[in-house]
Amino acid sequence: MDEPAGLARSLAGAPGLEEARAAIARSTFCLQAARALIGERRPIDLSGLEAEIGRLCAGALALPAEEARTLLPSLSALCEEIDEAANALSRARSGPG
């Protein structure tokens, strides 16, 4: 990693590549757990998830393009998890089924 760029990200509070990967993993796990709870008709608390994903996206944008591209498959999978959680919530609101 280019040292000045890394220092700039660090000073700005933007995560590096490994931190971004860890944030993707945390967010994915949180969404998977939420879907399981939704399926059991149990309450969920996703407070903070939007902010976490916002920080993740900002951090990914701050990465050098070459590094950021390596996150695309896992970011795409995270988007699918978000869609699945939204679909599960929609189904749960529609009633039993």
# chains A, B, ... in the order shown; residues from 1 in each chain; ligands from 1
$ residues_around --residues "A:Cys79" --least-positions-apart "3" --cutoff "12 Å" --atoms "only C-alpha atoms" --output "tab-separated table (two decimals) with C-alpha atoms, in the first residue's frame"
chain	number	residue	atom	x	y	z
A	24	ILE	CA	-18.45	-6.85	5.13
A	27	SER	CA	-22.64	-6.95	8.16
A	28	THR	CA	-23.28	-10.20	6.30
A	31	LEU	CA	-28.15	-9.82	8.11
A	53	ILE	CA	-22.58	-0.09	5.84
A	57	CYS	CA	-18.91	2.15	1.50
A	72	LEU	CA	-16.66	-6.29	-5.45
A	73	PRO	CA	-17.65	-9.97	-5.10
A	74	SER	CA	-18.19	-9.70	-1.35
A	75	LEU	CA	-19.98	-6.35	-1.69
A	76	SER	CA	-22.26	-7.91	-4.30
A	82	ILE	CA	-29.70	-6.97	2.16
A	83	ASP	CA	-32.27	-7.87	-0.51
A	84	GLU	CA	-32.97	-11.23	1.15
A	85	ALA	CA	-33.47	-9.56	4.55
A	86	ALA	CA	-35.81	-7.00	2.98
$ select_by_dssp --residues "chain A" --states "alpha helix (DSSP H)" --output "PyMOL selection string"
chain A and resi 3-12+17-39+49-62+65-69+72-94
$ write_last_selection --atoms "C-alpha atoms" --output "PDB file, in the first residue's frame"
ATOM      1  CA  GLU A   3       2.244   4.956   2.615  1.00  0.00           C
ATOM      2  CA  PRO A   4       0.896   8.525   2.113  1.00  0.00           C
ATOM      3  CA  ALA A   5      -2.450   7.157   0.926  1.00  0.00           C
ATOM      4  CA  GLY A   6      -2.595   4.780   3.881  1.00  0.00           C
ATOM      5  CA  LEU A   7      -1.770   7.618   6.262  1.00  0.00           C
ATOM      6  CA  ALA A   8      -4.438   9.827   4.684  1.00  0.00           C
ATOM      7  CA  ARG A   9      -7.067   7.076   5.062  1.00  0.00           C
ATOM      8  CA  SER A  10      -5.982   6.485   8.621  1.00  0.00           C
ATOM      9  CA  LEU A  11      -6.246  10.163   9.505  1.00  0.00           C
ATOM     10  CA  ALA A  12      -9.645  10.383   7.841  1.00  0.00           C
ATOM     11  CA  LEU A  17      -8.749  -3.204   2.875  1.00  0.00           C
ATOM     12  CA  GLU A  18      -8.694  -5.683   5.775  1.00  0.00           C
ATOM     13  CA  GLU A  19     -10.983  -3.495   7.855  1.00  0.00           C
ATOM     14  CA  ALA A  20     -13.390  -3.290   4.914  1.00  0.00           C
ATOM     15  CA  ARG A  21     -13.369  -7.079   4.546  1.00  0.00           C
ATOM     16  CA  ALA A  22     -14.075  -7.447   8.267  1.00  0.00           C
ATOM     17  CA  ALA A  23     -16.943  -4.937   8.051  1.00  0.00           C
ATOM     18  CA  ILE A  24     -18.446  -6.855   5.127  1.00  0.00           C
ATOM     19  CA  ALA A  25     -18.230 -10.088   7.119  1.00  0.00           C
ATOM     20  CA  ARG A  26     -19.833  -8.471  10.197  1.00  0.00           C
ATOM     21  CA  SER A  27     -22.644  -6.947   8.156  1.00  0.00           C
ATOM     22  CA  THR A  28     -23.281 -10.197   6.302  1.00  0.00           C
ATOM     23  CA  PHE A  29     -23.425 -12.155   9.567  1.00  0.00           C
ATOM     24  CA  CYS A  30     -25.789  -9.582  11.082  1.00  0.00           C
ATOM     25  CA  LEU A  31     -28.146  -9.817   8.112  1.00  0.00           C
ATOM     26  CA  GLN A  32     -28.080 -13.622   8.115  1.00  0.00           C
ATOM     27  CA  ALA A  33     -28.879 -13.675  11.829  1.00  0.00           C
ATOM     28  CA  ALA A  34     -31.673 -11.162  11.277  1.00  0.00           C
ATOM     29  CA  ARG A  35     -33.207 -13.339   8.555  1.00  0.00           C
ATOM     30  CA  ALA A  36     -33.168 -16.328  10.891  1.00  0.00           C
ATOM     31  CA  LEU A  37     -34.924 -14.305  13.591  1.00  0.00           C
ATOM     32  CA  ILE A  38     -37.447 -12.965  11.100  1.00  0.00           C
ATOM     33  CA  GLY A  39     -38.200 -16.523  10.037  1.00  0.00           C
ATOM     34  CA  LEU A  49     -26.303  -1.469  10.464  1.00  0.00           C
ATOM     35  CA  GLU A  50     -27.028   1.400   8.075  1.00  0.00           C
ATOM     36  CA  ALA A  51     -24.238   3.464   9.628  1.00  0.00           C
ATOM     37  CA  GLU A  52     -21.847   0.490   9.508  1.00  0.00           C
ATOM     38  CA  ILE A  53     -22.578  -0.095   5.837  1.00  0.00           C
ATOM     39  CA  GLY A  54     -22.242   3.637   5.160  1.00  0.00           C
ATOM     40  CA  ARG A  55     -18.785   3.645   6.759  1.00  0.00           C
ATOM     41  CA  LEU A  56     -17.906   0.531   4.794  1.00  0.00           C
ATOM     42  CA  CYS A  57     -18.905   2.149   1.503  1.00  0.00           C
ATOM     43  CA  ALA A  58     -17.043   5.362   2.325  1.00  0.00           C
ATOM     44  CA  GLY A  59     -13.977   3.349   3.233  1.00  0.00           C
ATOM     45  CA  ALA A  60     -14.176   1.315   0.033  1.00  0.00           C
ATOM     46  CA  LEU A  61     -14.350   4.529  -1.979  1.00  0.00           C
ATOM     47  CA  ALA A  62     -11.229   5.782  -0.196  1.00  0.00           C
ATOM     48  CA  ALA A  65      -9.135   1.366  -7.173  1.00  0.00           C
ATOM     49  CA  GLU A  66      -7.080  -1.809  -7.475  1.00  0.00           C
ATOM     50  CA  GLU A  67      -7.733  -2.729  -3.828  1.00  0.00           C
ATOM     51  CA  ALA A  68     -11.378  -1.679  -3.944  1.00  0.00           C
ATOM     52  CA  ARG A  69     -12.024  -3.944  -6.943  1.00  0.00           C
ATOM     53  CA  LEU A  72     -16.655  -6.288  -5.452  1.00  0.00           C
ATOM     54  CA  PRO A  73     -17.645  -9.972  -5.100  1.00  0.00           C
ATOM     55  CA  SER A  74     -18.194  -9.698  -1.352  1.00  0.00           C
ATOM     56  CA  LEU A  75     -19.981  -6.345  -1.692  1.00  0.00           C
ATOM     57  CA  SER A  76     -22.257  -7.910  -4.296  1.00  0.00           C
ATOM     58  CA  ALA A  77     -22.983 -10.796  -1.922  1.00  0.00           C
ATOM     59  CA  LEU A  78     -23.703  -8.265   0.850  1.00  0.00           C
ATOM     60  CA  CYS A  79     -26.207  -6.524  -1.435  1.00  0.00           C
ATOM     61  CA  GLU A  80     -27.902  -9.871  -1.995  1.00  0.00           C
ATOM     62  CA  GLU A  81     -28.092 -10.397   1.787  1.00  0.00           C
ATOM     63  CA  ILE A  82     -29.704  -6.966   2.160  1.00  0.00           C
ATOM     64  CA  ASP A  83     -32.267  -7.872  -0.514  1.00  0.00           C
ATOM     65  CA  GLU A  84     -32.969 -11.229   1.154  1.00  0.00           C
ATOM     66  CA  ALA A  85     -33.466  -9.563   4.546  1.00  0.00           C
ATOM     67  CA  ALA A  86     -35.807  -7.000   2.984  1.00  0.00           C
ATOM     68  CA  ASN A  87     -37.767  -9.794   1.291  1.00  0.00           C
ATOM     69  CA  ALA A  88     -38.001 -11.720   4.571  1.00  0.00           C
ATOM     70  CA  LEU A  89     -39.316  -8.609   6.331  1.00  0.00           C
ATOM     71  CA  SER A  90     -41.844  -8.063   3.584  1.00  0.00           C
ATOM     72  CA  ARG A  91     -43.043 -11.664   3.826  1.00  0.00           C
ATOM     73  CA  ALA A  92     -43.277 -11.401   7.610  1.00  0.00           C
ATOM     74  CA  ARG A  93     -45.403  -8.245   7.345  1.00  0.00           C
ATOM     75  CA  SER A  94     -47.700  -9.983   4.867  1.00  0.00           C
TER      76      SER A  94
END
$ decode --residues "stretch 57-85 of chain A" --atoms "N, CA and C atoms" --output "PDB file, in the first residue's frame"
ATOM      1  N   CYS A  57     -18.904   1.611   2.867  1.00  0.00           N
ATOM      2  CA  CYS A  57     -18.905   2.149   1.503  1.00  0.00           C
ATOM      3  C   CYS A  57     -17.952   3.330   1.374  1.00  0.00           C
ATOM      4  N   ALA A  58     -17.954   4.222   2.364  1.00  0.00           N
ATOM      5  CA  ALA A  58     -17.043   5.362   2.325  1.00  0.00           C
ATOM      6  C   ALA A  58     -15.594   4.888   2.346  1.00  0.00           C
ATOM      7  N   GLY A  59     -15.327   3.890   3.161  1.00  0.00           N
ATOM      8  CA  GLY A  59     -13.977   3.349   3.233  1.00  0.00           C
ATOM      9  C   GLY A  59     -13.558   2.688   1.936  1.00  0.00           C
ATOM     10  N   ALA A  60     -14.488   1.968   1.308  1.00  0.00           N
ATOM     11  CA  ALA A  60     -14.176   1.315   0.033  1.00  0.00           C
ATOM     12  C   ALA A  60     -13.870   2.353  -1.036  1.00  0.00           C
ATOM     13  N   LEU A  61     -14.607   3.460  -1.012  1.00  0.00           N
ATOM     14  CA  LEU A  61     -14.350   4.529  -1.979  1.00  0.00           C
ATOM     15  C   LEU A  61     -12.999   5.193  -1.749  1.00  0.00           C
ATOM     16  N   ALA A  62     -12.511   5.163  -0.514  1.00  0.00           N
ATOM     17  CA  ALA A  62     -11.229   5.782  -0.196  1.00  0.00           C
ATOM     18  C   ALA A  62     -10.041   4.893  -0.556  1.00  0.00           C
ATOM     19  N   LEU A  63     -10.314   3.629  -0.814  1.00  0.00           N
ATOM     20  CA  LEU A  63      -9.234   2.701  -1.169  1.00  0.00           C
ATOM     21  C   LEU A  63      -8.746   2.964  -2.586  1.00  0.00           C
ATOM     22  N   PRO A  64      -7.509   2.615  -2.858  1.00  0.00           N
ATOM     23  CA  PRO A  64      -7.054   2.656  -4.249  1.00  0.00           C
ATOM     24  C   PRO A  64      -7.951   1.726  -5.075  1.00  0.00           C
ATOM     25  N   ALA A  65      -8.202   2.107  -6.312  1.00  0.00           N
ATOM     26  CA  ALA A  65      -9.135   1.366  -7.173  1.00  0.00           C
ATOM     27  C   ALA A  65      -8.782  -0.114  -7.256  1.00  0.00           C
ATOM     28  N   GLU A  66      -7.513  -0.416  -7.364  1.00  0.00           N
ATOM     29  CA  GLU A  66      -7.080  -1.809  -7.475  1.00  0.00           C
ATOM     30  C   GLU A  66      -7.488  -2.622  -6.242  1.00  0.00           C
ATOM     31  N   GLU A  67      -7.333  -2.042  -5.066  1.00  0.00           N
ATOM     32  CA  GLU A  67      -7.733  -2.729  -3.828  1.00  0.00           C
ATOM     33  C   GLU A  67      -9.247  -2.815  -3.728  1.00  0.00           C
ATOM     34  N   ALA A  68      -9.922  -1.717  -4.056  1.00  0.00           N
ATOM     35  CA  ALA A  68     -11.378  -1.679  -3.944  1.00  0.00           C
ATOM     36  C   ALA A  68     -12.026  -2.727  -4.846  1.00  0.00           C
ATOM     37  N   ARG A  69     -11.455  -2.948  -6.018  1.00  0.00           N
ATOM     38  CA  ARG A  69     -12.024  -3.944  -6.943  1.00  0.00           C
ATOM     39  C   ARG A  69     -12.052  -5.335  -6.331  1.00  0.00           C
ATOM     40  N   THR A  70     -11.122  -5.629  -5.445  1.00  0.00           N
ATOM     41  CA  THR A  70     -11.098  -6.953  -4.830  1.00  0.00           C
ATOM     42  C   THR A  70     -12.296  -7.167  -3.899  1.00  0.00           C
ATOM     43  N   LEU A  71     -12.950  -6.084  -3.508  1.00  0.00           N
ATOM     44  CA  LEU A  71     -14.116  -6.177  -2.618  1.00  0.00           C
ATOM     45  C   LEU A  71     -15.426  -6.406  -3.373  1.00  0.00           C
ATOM     46  N   LEU A  72     -15.407  -6.221  -4.689  1.00  0.00           N
ATOM     47  CA  LEU A  72     -16.655  -6.288  -5.452  1.00  0.00           C
ATOM     48  C   LEU A  72     -17.450  -7.581  -5.254  1.00  0.00           C
ATOM     49  N   PRO A  73     -16.835  -8.761  -5.302  1.00  0.00           N
ATOM     50  CA  PRO A  73     -17.645  -9.972  -5.100  1.00  0.00           C
ATOM     51  C   PRO A  73     -18.314 -10.012  -3.720  1.00  0.00           C
ATOM     52  N   SER A  74     -17.584  -9.636  -2.679  1.00  0.00           N
ATOM     53  CA  SER A  74     -18.194  -9.698  -1.352  1.00  0.00           C
ATOM     54  C   SER A  74     -19.194  -8.569  -1.141  1.00  0.00           C
ATOM     55  N   LEU A  75     -18.985  -7.419  -1.776  1.00  0.00           N
ATOM     56  CA  LEU A  75     -19.981  -6.345  -1.692  1.00  0.00           C
ATOM     57  C   LEU A  75     -21.258  -6.739  -2.440  1.00  0.00           C
ATOM     58  N   SER A  76     -21.095  -7.425  -3.548  1.00  0.00           N
ATOM     59  CA  SER A  76     -22.257  -7.910  -4.296  1.00  0.00           C
ATOM     60  C   SER A  76     -23.043  -8.920  -3.461  1.00  0.00           C
ATOM     61  N   ALA A  77     -22.330  -9.811  -2.793  1.00  0.00           N
ATOM     62  CA  ALA A  77     -22.983 -10.796  -1.922  1.00  0.00           C
ATOM     63  C   ALA A  77     -23.687 -10.098  -0.757  1.00  0.00           C
ATOM     64  N   LEU A  78     -23.078  -9.032  -0.233  1.00  0.00           N
ATOM     65  CA  LEU A  78     -23.703  -8.265   0.850  1.00  0.00           C
ATOM     66  C   LEU A  78     -24.998  -7.624   0.352  1.00  0.00           C
ATOM     67  N   CYS A  79     -24.987  -7.101  -0.855  1.00  0.00           N
ATOM     68  CA  CYS A  79     -26.207  -6.524  -1.435  1.00  0.00           C
ATOM     69  C   CYS A  79     -27.304  -7.578  -1.538  1.00  0.00           C
ATOM     70  N   GLU A  80     -26.920  -8.782  -1.919  1.00  0.00           N
ATOM     71  CA  GLU A  80     -27.902  -9.871  -1.995  1.00  0.00           C
ATOM     72  C   GLU A  80     -28.461 -10.189  -0.614  1.00  0.00           C
ATOM     73  N   GLU A  81     -27.613 -10.161   0.407  1.00  0.00           N
ATOM     74  CA  GLU A  81     -28.092 -10.397   1.787  1.00  0.00           C
ATOM     75  C   GLU A  81     -29.075  -9.313   2.209  1.00  0.00           C
ATOM     76  N   ILE A  82     -28.791  -8.074   1.837  1.00  0.00           N
ATOM     77  CA  ILE A  82     -29.704  -6.966   2.160  1.00  0.00           C
ATOM     78  C   ILE A  82     -31.049  -7.210   1.490  1.00  0.00           C
ATOM     79  N   ASP A  83     -31.023  -7.586   0.206  1.00  0.00           N
ATOM     80  CA  ASP A  83     -32.267  -7.872  -0.514  1.00  0.00           C
ATOM     81  C   ASP A  83     -33.027  -9.023   0.134  1.00  0.00           C
ATOM     82  N   GLU A  84     -32.322 -10.074   0.519  1.00  0.00           N
ATOM     83  CA  GLU A  84     -32.969 -11.229   1.154  1.00  0.00           C
ATOM     84  C   GLU A  84     -33.601 -10.835   2.491  1.00  0.00           C
ATOM     85  N   ALA A  85     -32.907 -10.018   3.263  1.00  0.00           N
ATOM     86  CA  ALA A  85     -33.466  -9.563   4.546  1.00  0.00           C
ATOM     87  C   ALA A  85     -34.705  -8.708   4.302  1.00  0.00           C
TER      88      ALA A  85
END
